[in-house]
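Below is one structure, written out as structure tokens; the observations come after it.
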Amino acid sequence: MQSIKKAAVLGSGVMGSGIAAHLANIGIPSLLLDIVPREVTEDEKSKGLTIESKQVRNRYSSLALQKLLKQKPAPLTSKSNLALIEAGNLEDDMHKLAEVDWIIEVVVENLTVKKQVFEKVDQYRKPGSIVSSNTSGISVEAMIEGRSEDFQKHFLGTHFFNPPRYLKLLEVIPTKHTNPEVLSFIKEFGEDVLGKGVVEAKDTPNFIANRIGTYGLLVTVQEMLKGGYSVGEVDSVTGPLIGRPKSATFRTLDVVGLDTFAHVAKNVYELVEGDEKEVFNVPAFMTKMLENGWLGSKSGQGFFLKQGKDILELDPNTLEYGPRQKLKTASVELSKQEKDLANKMKALVYADDRAGQLLWNILSPVLAYSAHLLGTIADDIVAIDRAMKWGFGWEMGPFETWDAIGLRKSVSKMNHVPTWINEMLENGHETFYKEEAGKLYFYQNGEYKEVVENSKVINLKRLKKEKGVINKNSGASLIDLGDGVALLEFTSPNNAIGLDIIQMINFAVDEVEKNYKGLVIGNQGKNFCIGANLAMILMEAQDDNFYELDMVIHQFQQAMMKIKYSRKPVVTAAFGMTLGGGSEVSLPSTRIQASSETYMGLVEVGVGLIPGGGGNKELYIKHLESMPNGVDFDLQKVANKVFETIAMAKVSTSAAEAFENNFLGSKDGISVNGDHLLYDAKQAVLSLHENGYTPPVRKKVPVVGETGYATLLLGAETMFLSGYISEHDLKIAKKLAFVIAGGKVPYGTEVDEQYLLNLEKEAFLSLLAEPKTQARMQYMLVKGKPLRN
């Protein structure tokens, strides 16, 4: 049975080092090898190094490792993961390939070079080890001519998308020699271990996502020139408005780099014929931009140029920069009022105004193109849709989009659709996808087939349709996850916590204690939970309803205690933004099962408050629990660390970092594949149940008291006197220090949890009454960023 315990990455550029970093993030050590430099730098000479010195020979891969620590967004989930990558070179270290289970080639996109590298790999690899190429478009079949039989059987394309840590798509491209067991192993490994969305592609130019994505971008550029739209106008309607990333069209090109994009386009241009070839011909003004070195973000200017606070857009006709424009039409305004994406799209693509014409003219060719390529680039529509969603961040793939705008209606407006679509409509099939009895089916060759999902993928929308809900209100639903496990799903805007969610937490714990093995708290929104309902709290404070607010905070705190001391295990499935109240729900639960990309933090200081739902107490206890048993430790250092984390509103930039900040502890887990998070959380509940779960026993908490309070304040007052924080920041810090220190008691006193909760509530309400805090809250609600007053 195949397993991957160690890997080698050949090529240490941005992509190669990024893949090595991703392997390190999941605990797989790797060798990172690159070519040997031809000459010694002046700096190396000054250190007495020669071309034979190891530091010189490993220069490229060693530099790549240093860059991993500085890159933004960070390729490593924790800086400590760097220790899992060993730098080397392609001459001295080839013998080490005999120790690895997977060799990934990420050298320059040149067939001759790749073949030379594989010839050497074939000499050193151990039989049975997997070899793959991360090419973005060169034929994988052509790379392995003349290689040994064992090499060919264990070879395939594995196309990661950049940056590998963040982009979900992994295109897997088998050759006619690839052993089917190797293919199925890599697909399973890709999903379960690497955490990727894996799509099998055919060996055609640029595979699936880059073929359609590049086509779509070039059609958009050509339509912009034809219709006289500006760069900014196009970007204002080709982003979130149509379910695409915020970077839309031209900002995406600036981020990717125009040189990279042109290379990908040229790749297809040279290998296709007819009308398709013309689309992949990069327009003259973009060629001029390449000559000028205007490549986008990496060169400081591209389609956009930042001048001071202003962002200017390029005029493709004059190649001069001017103010950024937006496309404002009736259909754009109308679509913004629609709640779901399908209705937004319909309002836009059928509109007879400038936005409608632009979107129809760029969308309809991409839909038809995707349909023409079915069978050529992939076997089914599911693979194409998934590739575009996972690789380009589209909310809906081409065929899902077609369903959303209405297949029959759109086809009647289109000129060139493949015959199979007309036949499909003639036979009365109106959609590419349909749902029946909680299962999803897709159209293929005259019939509907079930969409095959990894067994670890739980789809809450479909589950609710199939099983209904146990109970729900305006902010949350309780769902039966099966196998005796229930799930509490937040459904309020941004999953912000209000009274409705608090009520449902109380109901859920009672219901689970009576009838279930345990509870998962999780959802499939954009983020787990971004905190409490700030608007509601501010409104009550401005109306002086402090008696009601006192009740609300008390209820929130008691609901968190109910989670903590539930007789059945409660596992929180945290992901994305898990901030403020989101962290306060997570911390008291029996276990946290976090997605690898989880950003945890108690950030209330940013709106002039401190955590009010037990967050200070729970983070402090989590730190205490991380201390080794039977070993004396400095209680003051623990208090200092917790105070600093909350006062600085520190947010972990990954689940790995959340362990380092003690938001996660030794009992908690990480799911690398976010799609498997609810499944993993459910398994954690079942495991706890099977091992005879008993709730924690209430214990008193040792605090640093009055002397510790003075120590905590010292740091804050120094920062105030140095001008780092404002007077109001100091006031917040004093309240926070008082809560964490446990008030006016002697050092080392053991206090009850309720006592700490009362201190927390008192501090929270007194800050809430402050005009400067209310101003901060108002600013955050209006501007979406903190006010320093």
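Identifiers in the structure tokens: chain A, B, ... in order shown; residue index from 1 per chain; ligand index from 1 in order shown.
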
Report task. Determine, counting only C-alpha atoms, which protein, DNA and RNA residues have an atom within 10 Å of an atom of segment 434-449 of chain A; residues of the same chain fewer than 6 positions away are not included. Present the result as an MDAnalysis selection string. Result -> chainID A and resid 379:382 399 403 420:421 423:424 427 459 461:467

**Report entry** Contacts of segment 263-271 of chain A within 8 Å, only C-alpha atoms, excl. fewer than 4 positions in-chain, as a PyMOL selection string
**Finding:** chain A and resi 136-137+205-206+210-211+214+259+277-278+280-282

Those selected residues, please, written with all heavy atoms and delivered as an mmCIF file, in the first residue's frame.
```
data_model
loop_
_atom_site.group_PDB
_atom_site.id
_atom_site.type_symbol
_atom_site.label_atom_id
_atom_site.label_comp_id
_atom_site.auth_asym_id
_atom_site.auth_seq_id
_atom_site.Cartn_x
_atom_site.Cartn_y
_atom_site.Cartn_z
ATOM 1 N N SER A 136 1.959 23.653 -15.921
ATOM 2 C CA SER A 136 0.636 24.274 -16.051
ATOM 3 C C SER A 136 0.115 24.124 -17.474
ATOM 4 O O SER A 136 -0.912 24.664 -17.811
ATOM 5 C CB SER A 136 0.706 25.753 -15.653
ATOM 6 O OG SER A 136 1.655 26.394 -16.467
ATOM 7 N N GLY A 137 0.841 23.391 -18.319
ATOM 8 C CA GLY A 137 0.288 23.252 -19.669
ATOM 9 C C GLY A 137 1.083 22.424 -20.654
ATOM 10 O O GLY A 137 0.623 22.169 -21.756
ATOM 11 N N PRO A 205 -3.808 21.258 -23.853
ATOM 12 C CA PRO A 205 -3.161 22.527 -23.492
ATOM 13 C C PRO A 205 -3.824 23.221 -22.299
ATOM 14 O O PRO A 205 -5.028 23.459 -22.302
ATOM 15 C CB PRO A 205 -3.315 23.376 -24.754
ATOM 16 C CG PRO A 205 -3.452 22.386 -25.860
ATOM 17 C CD PRO A 205 -4.149 21.196 -25.272
ATOM 18 N N ASN A 206 -3.034 23.505 -21.271
ATOM 19 C CA ASN A 206 -3.487 24.232 -20.068
ATOM 20 C C ASN A 206 -4.565 23.524 -19.250
ATOM 21 O O ASN A 206 -5.177 24.133 -18.372
ATOM 22 C CB ASN A 206 -3.944 25.659 -20.418
ATOM 23 C CG ASN A 206 -2.760 26.536 -20.757
ATOM 24 O OD1 ASN A 206 -1.636 26.055 -20.897
ATOM 25 N ND2 ASN A 206 -2.981 27.813 -20.903
ATOM 26 N N ASN A 210 -7.102 26.691 -16.364
ATOM 27 C CA ASN A 210 -6.382 27.742 -17.095
ATOM 28 C C ASN A 210 -6.887 27.893 -18.525
ATOM 29 O O ASN A 210 -6.856 28.987 -19.089
ATOM 30 C CB ASN A 210 -4.871 27.469 -17.096
ATOM 31 C CG ASN A 210 -4.214 27.983 -15.828
ATOM 32 O OD1 ASN A 210 -4.793 28.777 -15.102
ATOM 33 N ND2 ASN A 210 -3.010 27.516 -15.552
ATOM 34 N N ARG A 211 -7.366 26.808 -19.114
ATOM 35 C CA ARG A 211 -7.888 26.878 -20.490
ATOM 36 C C ARG A 211 -9.130 27.761 -20.524
ATOM 37 O O ARG A 211 -9.226 28.701 -21.314
ATOM 38 C CB ARG A 211 -8.210 25.450 -20.972
ATOM 39 C CG ARG A 211 -8.778 25.342 -22.390
ATOM 40 C CD ARG A 211 -7.704 25.320 -23.461
ATOM 41 N NE ARG A 211 -8.222 24.973 -24.775
ATOM 42 C CZ ARG A 211 -8.161 23.759 -25.324
ATOM 43 N NH1 ARG A 211 -7.597 22.754 -24.663
ATOM 44 N NH2 ARG A 211 -8.644 23.542 -26.527
ATOM 45 N N THR A 214 -8.382 31.499 -18.895
ATOM 46 C CA THR A 214 -7.633 32.376 -19.803
ATOM 47 C C THR A 214 -8.531 32.831 -20.958
ATOM 48 O O THR A 214 -8.525 34.002 -21.342
ATOM 49 C CB THR A 214 -6.388 31.636 -20.362
ATOM 50 O OG1 THR A 214 -5.658 31.106 -19.261
ATOM 51 C CG2 THR A 214 -5.494 32.561 -21.148
ATOM 52 N N ASP A 259 3.164 38.777 -17.439
ATOM 53 C CA ASP A 259 4.097 37.870 -18.123
ATOM 54 C C ASP A 259 3.637 36.410 -17.988
ATOM 55 O O ASP A 259 3.619 35.655 -18.964
ATOM 56 C CB ASP A 259 5.516 38.039 -17.574
ATOM 57 C CG ASP A 259 5.579 37.990 -16.046
ATOM 58 O OD1 ASP A 259 4.516 38.097 -15.388
ATOM 59 O OD2 ASP A 259 6.688 37.842 -15.503
ATOM 60 N N LYS A 277 -8.073 30.004 -31.819
ATOM 61 C CA LYS A 277 -6.702 30.520 -31.865
ATOM 62 C C LYS A 277 -6.704 32.042 -31.742
ATOM 63 O O LYS A 277 -5.904 32.618 -31.011
ATOM 64 C CB LYS A 277 -6.063 30.078 -33.191
ATOM 65 C CG LYS A 277 -4.541 30.273 -33.233
ATOM 66 C CD LYS A 277 -3.995 29.767 -34.567
ATOM 67 C CE LYS A 277 -2.479 29.793 -34.594
ATOM 68 N NZ LYS A 277 -1.861 28.705 -33.818
ATOM 69 N N GLU A 278 -7.649 32.685 -32.459
ATOM 70 C CA GLU A 278 -7.702 34.150 -32.464
ATOM 71 C C GLU A 278 -7.943 34.725 -31.074
ATOM 72 O O GLU A 278 -7.394 35.753 -30.704
ATOM 73 C CB GLU A 278 -8.786 34.651 -33.441
ATOM 74 C CG GLU A 278 -8.231 34.963 -34.819
ATOM 75 C CD GLU A 278 -6.834 35.614 -34.770
ATOM 76 O OE1 GLU A 278 -6.732 36.776 -34.319
ATOM 77 O OE2 GLU A 278 -5.835 34.963 -35.152
ATOM 78 N N PHE A 280 -6.962 33.541 -28.281
ATOM 79 C CA PHE A 280 -5.763 33.432 -27.445
ATOM 80 C C PHE A 280 -4.604 34.308 -27.930
ATOM 81 O O PHE A 280 -3.504 34.238 -27.397
ATOM 82 C CB PHE A 280 -5.335 31.966 -27.313
ATOM 83 C CG PHE A 280 -6.217 31.190 -26.370
ATOM 84 C CD1 PHE A 280 -7.293 30.457 -26.841
ATOM 85 C CD2 PHE A 280 -5.987 31.235 -25.004
ATOM 86 C CE1 PHE A 280 -8.120 29.761 -25.963
ATOM 87 C CE2 PHE A 280 -6.807 30.550 -24.119
ATOM 88 C CZ PHE A 280 -7.876 29.808 -24.596
ATOM 89 N N ASN A 281 -4.874 35.141 -28.926
ATOM 90 C CA ASN A 281 -3.873 36.083 -29.407
ATOM 91 C C ASN A 281 -3.932 37.329 -28.515
ATOM 92 O O ASN A 281 -4.913 38.060 -28.532
ATOM 93 C CB ASN A 281 -4.180 36.435 -30.872
ATOM 94 C CG ASN A 281 -3.005 37.123 -31.528
ATOM 95 O OD1 ASN A 281 -1.954 37.295 -30.926
ATOM 96 N ND2 ASN A 281 -3.186 37.517 -32.770
ATOM 97 N N VAL A 282 -2.901 37.549 -27.723
ATOM 98 C CA VAL A 282 -2.906 38.657 -26.748
ATOM 99 C C VAL A 282 -2.946 40.006 -27.481
ATOM 100 O O VAL A 282 -2.152 40.232 -28.398
ATOM 101 C CB VAL A 282 -1.654 38.568 -25.836
ATOM 102 C CG1 VAL A 282 -1.519 39.787 -24.942
ATOM 103 C CG2 VAL A 282 -1.733 37.302 -24.983
#
```

Query raised in the report: Near Lys202 of chain A, within 9 Å and counting only C-alpha atoms, which residues show up once chain neighbours fewer than 2 positions away are dropped, as a VMD selection string?
Result: chain A and resid 172 to 175 200 204 207 to 208 375 to 379

Limited to C-alpha atoms, could you put the picked residues into a file as a tab-separated table (two decimals), in the first residue's frame?
```
chain	number	residue	atom	x	y	z
A	172	VAL	CA	-4.37	15.48	-11.70
A	173	ILE	CA	-3.40	14.45	-15.25
A	174	PRO	CA	-2.69	10.75	-15.87
A	175	THR	CA	-0.83	9.49	-18.96
A	200	GLU	CA	-8.96	14.68	-13.10
A	204	THR	CA	-4.61	18.96	-23.35
A	207	PHE	CA	-5.76	21.43	-18.79
A	208	ILE	CA	-9.16	22.65	-17.44
A	375	GLY	CA	-14.96	15.39	-23.47
A	376	THR	CA	-11.78	17.13	-24.69
A	377	ILE	CA	-10.48	18.63	-21.42
A	378	ALA	CA	-12.53	16.58	-18.93
A	379	ASP	CA	-14.99	13.70	-18.92
```

All residues 7 Å or closer to Gly522 of chain A, only C-alpha atoms, same chain fewer than 6 positions away omitted, as an mmCIF file with all heavy atoms, in the first residue's frame:
```
data_model
loop_
_atom_site.group_PDB
_atom_site.id
_atom_site.type_symbol
_atom_site.label_atom_id
_atom_site.label_comp_id
_atom_site.auth_asym_id
_atom_site.auth_seq_id
_atom_site.Cartn_x
_atom_site.Cartn_y
_atom_site.Cartn_z
ATOM 1 N N LEU A 487 -26.315 18.969 14.993
ATOM 2 C CA LEU A 487 -25.466 20.096 14.600
ATOM 3 C C LEU A 487 -26.220 21.402 14.807
ATOM 4 O O LEU A 487 -27.355 21.548 14.363
ATOM 5 C CB LEU A 487 -25.058 19.981 13.134
ATOM 6 C CG LEU A 487 -24.282 21.227 12.650
ATOM 7 C CD1 LEU A 487 -22.864 20.873 12.236
ATOM 8 C CD2 LEU A 487 -24.970 21.939 11.506
ATOM 9 N N LEU A 488 -25.576 22.337 15.486
ATOM 10 C CA LEU A 488 -26.135 23.677 15.659
ATOM 11 C C LEU A 488 -25.496 24.585 14.617
ATOM 12 O O LEU A 488 -24.283 24.785 14.612
ATOM 13 C CB LEU A 488 -25.846 24.197 17.070
ATOM 14 C CG LEU A 488 -26.294 25.637 17.353
ATOM 15 C CD1 LEU A 488 -27.802 25.784 17.265
ATOM 16 C CD2 LEU A 488 -25.812 26.090 18.724
ATOM 17 N N GLU A 489 -26.340 25.109 13.717
ATOM 18 C CA GLU A 489 -25.859 25.952 12.616
ATOM 19 C C GLU A 489 -26.303 27.391 12.848
ATOM 20 O O GLU A 489 -27.475 27.654 13.059
ATOM 21 C CB GLU A 489 -26.469 25.431 11.301
ATOM 22 C CG GLU A 489 -26.125 26.281 10.096
ATOM 23 C CD GLU A 489 -27.002 25.996 8.867
ATOM 24 O OE1 GLU A 489 -28.182 25.623 9.019
ATOM 25 O OE2 GLU A 489 -26.488 26.160 7.747
ATOM 26 N N PHE A 528 -16.972 31.247 10.272
ATOM 27 C CA PHE A 528 -17.668 30.579 11.372
ATOM 28 C C PHE A 528 -18.535 31.575 12.139
ATOM 29 O O PHE A 528 -19.730 31.409 12.291
ATOM 30 C CB PHE A 528 -16.654 29.911 12.312
ATOM 31 C CG PHE A 528 -17.306 29.362 13.557
ATOM 32 C CD1 PHE A 528 -18.122 28.245 13.494
ATOM 33 C CD2 PHE A 528 -17.120 29.977 14.790
ATOM 34 C CE1 PHE A 528 -18.742 27.754 14.641
ATOM 35 C CE2 PHE A 528 -17.738 29.487 15.933
ATOM 36 C CZ PHE A 528 -18.552 28.371 15.859
ATOM 37 N N THR A 572 -16.801 22.215 18.567
ATOM 38 C CA THR A 572 -16.989 23.370 17.689
ATOM 39 C C THR A 572 -16.132 23.210 16.442
ATOM 40 O O THR A 572 -14.931 22.952 16.548
ATOM 41 C CB THR A 572 -16.614 24.673 18.416
ATOM 42 O OG1 THR A 572 -17.457 24.807 19.553
ATOM 43 C CG2 THR A 572 -16.829 25.885 17.527
ATOM 44 N N ALA A 573 -16.758 23.353 15.272
ATOM 45 C CA ALA A 573 -16.045 23.253 13.991
ATOM 46 C C ALA A 573 -15.738 24.665 13.509
ATOM 47 O O ALA A 573 -16.507 25.277 12.775
ATOM 48 C CB ALA A 573 -16.905 22.501 12.975
ATOM 49 N N ALA A 574 -14.591 25.194 13.954
ATOM 50 C CA ALA A 574 -14.233 26.590 13.660
ATOM 51 C C ALA A 574 -13.512 26.684 12.329
ATOM 52 O O ALA A 574 -12.728 25.805 11.974
ATOM 53 C CB ALA A 574 -13.334 27.127 14.770
ATOM 54 N N LEU A 678 -16.845 19.339 9.021
ATOM 55 C CA LEU A 678 -18.004 18.881 9.797
ATOM 56 C C LEU A 678 -17.942 17.376 10.042
ATOM 57 O O LEU A 678 -18.305 16.888 11.110
ATOM 58 C CB LEU A 678 -19.317 19.255 9.089
ATOM 59 C CG LEU A 678 -19.628 20.754 9.011
ATOM 60 C CD1 LEU A 678 -20.960 20.992 8.313
ATOM 61 C CD2 LEU A 678 -19.653 21.394 10.392
#
```

Requested in this report: Mind giving me the straight-line distance from atom CA of Gln778 of chain A to atom CA of Gly531 of chain A in Å, one decimal?
Outcome: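 Atom-to-atom, atom CA of Gln778 of chain A to atom CA of Gly531 of chain A, that is 15.4 Å.
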
Query - Contact residues around Val417 of chain A with only C-alpha atoms at 8 Å, ignoring same-chain residues under 3 positions, as a ChimeraX atom specification - result: /A:368,371-372,411,414,421-422

Query raised in the report: Quick one, how far is atom CA of Pro786 of chain A from atom CA of Gly582 of chain A?
Result: 18.4 Å

Query - Every residue of segment 79-275 of chain A that DSSP places in strand (DSSP E or B), as a ChimeraX atom specification - result: /A:85-89,102-105,130-133,155-160,169-174,197-200

Report task. Rank A:Pro702, A:Ala647, A:Leu334, A:Gln307 by their smallest atom-to-atom distance to Lys734 of chain A, using only C-alpha atoms, and report the top residue only. Result ->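 Of A:Pro702, A:Ala647, A:Leu334, A:Gln307, the one nearest Lys734 of chain A is A:Ala647, counting only C-alpha atoms.
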
Got a sec to tell me which of segment 158-397 of chain A DSSP assigns to helix (DSSP H, G or I), as a tab-separated table (two decimals) with C-alpha atoms, in the first residue's frame?
```
chain	number	residue	atom	x	y	z
A	180	PRO	CA	-4.79	3.22	-12.15
A	181	GLU	CA	-3.88	2.48	-8.50
A	182	VAL	CA	-1.35	5.32	-8.51
A	183	LEU	CA	-4.00	7.67	-9.95
A	184	SER	CA	-6.61	6.73	-7.34
A	185	PHE	CA	-4.01	6.96	-4.54
A	186	ILE	CA	-2.96	10.50	-5.57
A	187	LYS	CA	-6.60	11.63	-5.84
A	188	GLU	CA	-7.41	10.31	-2.35
A	189	PHE	CA	-4.13	11.62	-0.89
A	190	GLY	CA	-4.78	15.00	-2.55
A	191	GLU	CA	-8.18	15.34	-0.88
A	192	ASP	CA	-7.64	13.70	2.50
A	209	ALA	CA	-9.11	25.79	-15.28
A	210	ASN	CA	-6.38	27.74	-17.09
A	211	ARG	CA	-7.89	26.88	-20.49
A	212	ILE	CA	-11.34	28.24	-19.64
A	213	GLY	CA	-10.10	30.97	-17.27
A	214	THR	CA	-7.63	32.38	-19.80
A	215	TYR	CA	-10.26	32.23	-22.56
A	216	GLY	CA	-12.73	34.10	-20.32
A	217	LEU	CA	-10.17	36.80	-19.45
A	218	LEU	CA	-9.20	37.36	-23.09
A	219	VAL	CA	-12.84	37.49	-24.24
A	220	THR	CA	-13.37	40.15	-21.54
A	221	VAL	CA	-10.37	42.19	-22.73
A	222	GLN	CA	-11.58	42.02	-26.35
A	223	GLU	CA	-15.13	42.99	-25.35
A	224	MET	CA	-13.78	45.94	-23.37
A	225	LEU	CA	-11.94	47.23	-26.46
A	226	LYS	CA	-14.90	46.59	-28.74
A	227	GLY	CA	-17.50	48.19	-26.47
A	231	VAL	CA	-10.58	48.87	-17.13
A	232	GLY	CA	-12.27	50.06	-13.92
A	233	GLU	CA	-15.76	49.76	-15.38
A	234	VAL	CA	-15.10	46.12	-16.33
A	235	ASP	CA	-13.73	45.28	-12.88
A	236	SER	CA	-16.70	46.92	-11.14
A	237	VAL	CA	-19.10	44.35	-12.68
A	240	PRO	CA	-18.54	39.72	-6.46
A	241	LEU	CA	-21.55	41.06	-8.40
A	242	ILE	CA	-21.41	37.91	-10.58
A	250	PHE	CA	-7.80	43.24	-14.38
A	251	ARG	CA	-6.86	43.26	-10.70
A	252	THR	CA	-6.52	39.46	-11.06
A	253	LEU	CA	-4.18	39.95	-14.02
A	254	ASP	CA	-2.12	42.41	-11.96
A	255	VAL	CA	-1.84	39.87	-9.13
A	256	VAL	CA	-1.01	36.92	-11.42
A	258	LEU	CA	0.97	39.85	-17.10
A	259	ASP	CA	4.10	37.87	-18.12
A	260	THR	CA	2.72	34.67	-16.53
A	261	PHE	CA	-0.69	35.24	-18.11
A	262	ALA	CA	0.79	35.90	-21.58
A	263	HIS	CA	2.86	32.71	-21.29
A	264	VAL	CA	-0.27	30.65	-20.50
A	265	ALA	CA	-2.18	32.27	-23.40
A	266	LYS	CA	0.70	31.66	-25.84
A	267	ASN	CA	0.76	28.03	-24.78
A	268	VAL	CA	-2.80	27.52	-26.06
A	269	TYR	CA	-2.38	29.85	-29.06
A	274	GLY	CA	-9.44	28.43	-36.08
A	275	ASP	CA	-11.60	30.89	-34.13
A	276	GLU	CA	-10.27	29.61	-30.81
A	277	LYS	CA	-6.70	30.52	-31.87
A	278	GLU	CA	-7.70	34.15	-32.46
A	279	VAL	CA	-9.11	34.54	-28.95
A	284	ALA	CA	-1.39	44.70	-29.00
A	285	PHE	CA	-1.72	47.06	-26.02
A	286	MET	CA	-0.94	44.17	-23.63
A	287	THR	CA	2.16	43.28	-25.68
A	288	LYS	CA	3.23	46.93	-25.31
A	289	MET	CA	2.67	46.68	-21.53
A	290	LEU	CA	4.95	43.61	-21.49
A	291	GLU	CA	7.64	45.53	-23.37
A	292	ASN	CA	7.33	48.39	-20.84
A	297	SER	CA	1.82	44.04	-8.62
A	298	LYS	CA	5.35	42.63	-8.90
A	299	SER	CA	6.56	45.57	-11.03
A	330	ALA	CA	-30.11	50.34	-13.69
A	331	SER	CA	-29.37	46.60	-13.91
A	332	VAL	CA	-26.39	46.93	-11.54
A	333	GLU	CA	-28.56	48.68	-8.94
A	334	LEU	CA	-31.35	46.13	-9.44
A	335	SER	CA	-29.02	43.16	-9.05
A	336	LYS	CA	-27.68	44.54	-5.76
A	337	GLN	CA	-31.19	44.27	-4.30
A	341	LEU	CA	-26.60	34.93	-6.94
A	342	ALA	CA	-28.89	33.28	-9.52
A	343	ASN	CA	-31.34	36.21	-9.36
A	344	LYS	CA	-28.51	38.76	-9.45
A	345	MET	CA	-27.17	37.11	-12.63
A	346	LYS	CA	-30.60	37.06	-14.30
A	347	ALA	CA	-31.11	40.75	-13.50
A	348	LEU	CA	-27.76	41.52	-15.15
A	349	VAL	CA	-27.28	39.27	-18.20
A	354	ARG	CA	-24.21	48.81	-20.89
A	355	ALA	CA	-23.63	46.44	-17.95
A	356	GLY	CA	-26.08	43.85	-19.31
A	357	GLN	CA	-24.55	43.93	-22.80
A	358	LEU	CA	-21.00	43.62	-21.45
A	359	LEU	CA	-21.84	40.70	-19.15
A	360	TRP	CA	-23.85	38.83	-21.79
A	361	ASN	CA	-21.05	39.28	-24.33
A	362	ILE	CA	-18.38	37.93	-22.00
A	363	LEU	CA	-20.43	35.24	-20.27
A	364	SER	CA	-22.21	33.56	-23.18
A	365	PRO	CA	-19.00	32.72	-25.14
A	366	VAL	CA	-17.45	31.17	-21.99
A	367	LEU	CA	-20.52	28.98	-21.43
A	368	ALA	CA	-20.53	27.81	-25.04
A	369	TYR	CA	-16.75	27.28	-24.99
A	370	SER	CA	-17.00	25.11	-21.84
A	371	ALA	CA	-19.70	23.01	-23.51
A	372	HIS	CA	-17.62	22.59	-26.70
A	373	LEU	CA	-14.64	21.40	-24.64
A	381	ILE	CA	-19.39	18.88	-16.44
A	382	VAL	CA	-18.76	18.37	-12.71
A	383	ALA	CA	-14.97	18.36	-13.24
A	384	ILE	CA	-15.18	21.60	-15.27
A	385	ASP	CA	-17.40	23.36	-12.72
A	386	ARG	CA	-15.25	22.29	-9.79
A	387	ALA	CA	-12.03	23.33	-11.54
A	388	MET	CA	-13.34	26.86	-12.10
A	389	LYS	CA	-14.65	27.18	-8.53
A	390	TRP	CA	-11.55	25.77	-6.86
A	391	GLY	CA	-8.94	27.25	-9.21
A	392	PHE	CA	-10.40	30.68	-10.03
```

Requested in this report: Can you pull out every residue within 9 Å of Ser474 of chain A, counting only C-alpha atoms, but drop anything in the same chain fewer than 3 positions away, and send it as JSON, numbers by chain?
Outcome: {"A": [477, 491, 492, 500, 501]}

Requested in this report: Return the single residue from A:Gly428, A:Gly742, A:Gly18, A:Pro398 that is closest to Lys617 of chain A, with distances computed using only C-alpha atoms.
Outcome: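 That would be A:Gly742, the residue with the smallest distance to Lys617 of chain A.
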
Query - Contacts of Thr41 of chain A within 12 Å, only C-alpha atoms, excl. fewer than 5 positions in-chain, as a ChimeraX atom specification - result: /A:46-51,55-57,59

May I have the selected residues written with N, CA and C atoms, as a PDB file, in the first residue's frame?
```
ATOM      1  N   SER A  46      33.439  37.539  -0.288  1.00  0.00           N
ATOM      2  CA  SER A  46      33.915  38.228   0.918  1.00  0.00           C
ATOM      3  C   SER A  46      33.905  37.313   2.143  1.00  0.00           C
ATOM      4  N   LYS A  47      33.097  36.249   2.075  1.00  0.00           N
ATOM      5  CA  LYS A  47      33.048  35.285   3.192  1.00  0.00           C
ATOM      6  C   LYS A  47      34.026  34.133   2.970  1.00  0.00           C
ATOM      7  N   GLY A  48      34.838  34.245   1.896  1.00  0.00           N
ATOM      8  CA  GLY A  48      35.831  33.215   1.609  1.00  0.00           C
ATOM      9  C   GLY A  48      35.245  31.956   0.985  1.00  0.00           C
ATOM     10  N   LEU A  49      34.053  32.093   0.382  1.00  0.00           N
ATOM     11  CA  LEU A  49      33.409  30.918  -0.224  1.00  0.00           C
ATOM     12  C   LEU A  49      33.832  30.770  -1.676  1.00  0.00           C
ATOM     13  N   THR A  50      33.819  29.527  -2.180  1.00  0.00           N
ATOM     14  CA  THR A  50      34.136  29.267  -3.590  1.00  0.00           C
ATOM     15  C   THR A  50      32.960  28.532  -4.229  1.00  0.00           C
ATOM     16  N   ILE A  51      33.068  28.297  -5.524  1.00  0.00           N
ATOM     17  CA  ILE A  51      32.000  27.609  -6.269  1.00  0.00           C
ATOM     18  C   ILE A  51      31.791  26.180  -5.744  1.00  0.00           C
ATOM     19  N   GLN A  55      27.336  26.220   0.720  1.00  0.00           N
ATOM     20  CA  GLN A  55      26.403  27.370   0.775  1.00  0.00           C
ATOM     21  C   GLN A  55      26.174  27.957  -0.607  1.00  0.00           C
ATOM     22  N   VAL A  56      27.213  27.972  -1.431  1.00  0.00           N
ATOM     23  CA  VAL A  56      27.096  28.525  -2.784  1.00  0.00           C
ATOM     24  C   VAL A  56      26.272  27.566  -3.649  1.00  0.00           C
ATOM     25  N   ARG A  57      26.610  26.278  -3.571  1.00  0.00           N
ATOM     26  CA  ARG A  57      25.935  25.289  -4.422  1.00  0.00           C
ATOM     27  C   ARG A  57      24.438  25.169  -4.098  1.00  0.00           C
ATOM     28  N   ARG A  59      22.663  27.734  -3.021  1.00  0.00           N
ATOM     29  CA  ARG A  59      22.209  29.124  -2.871  1.00  0.00           C
ATOM     30  C   ARG A  59      20.726  29.307  -3.216  1.00  0.00           C
TER      31      ARG A  59
END
```

Query raised in the report: Of the candidates A:Val485, A:Ala769, A:Leu664, A:Val552, which shows the shortest atom-to-atom distance to Ser586 of chain A, using only C-alpha atoms?
Result: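 Of A:Val485, A:Ala769, A:Leu664, A:Val552, the one nearest Ser586 of chain A is A:Leu664, counting only C-alpha atoms.
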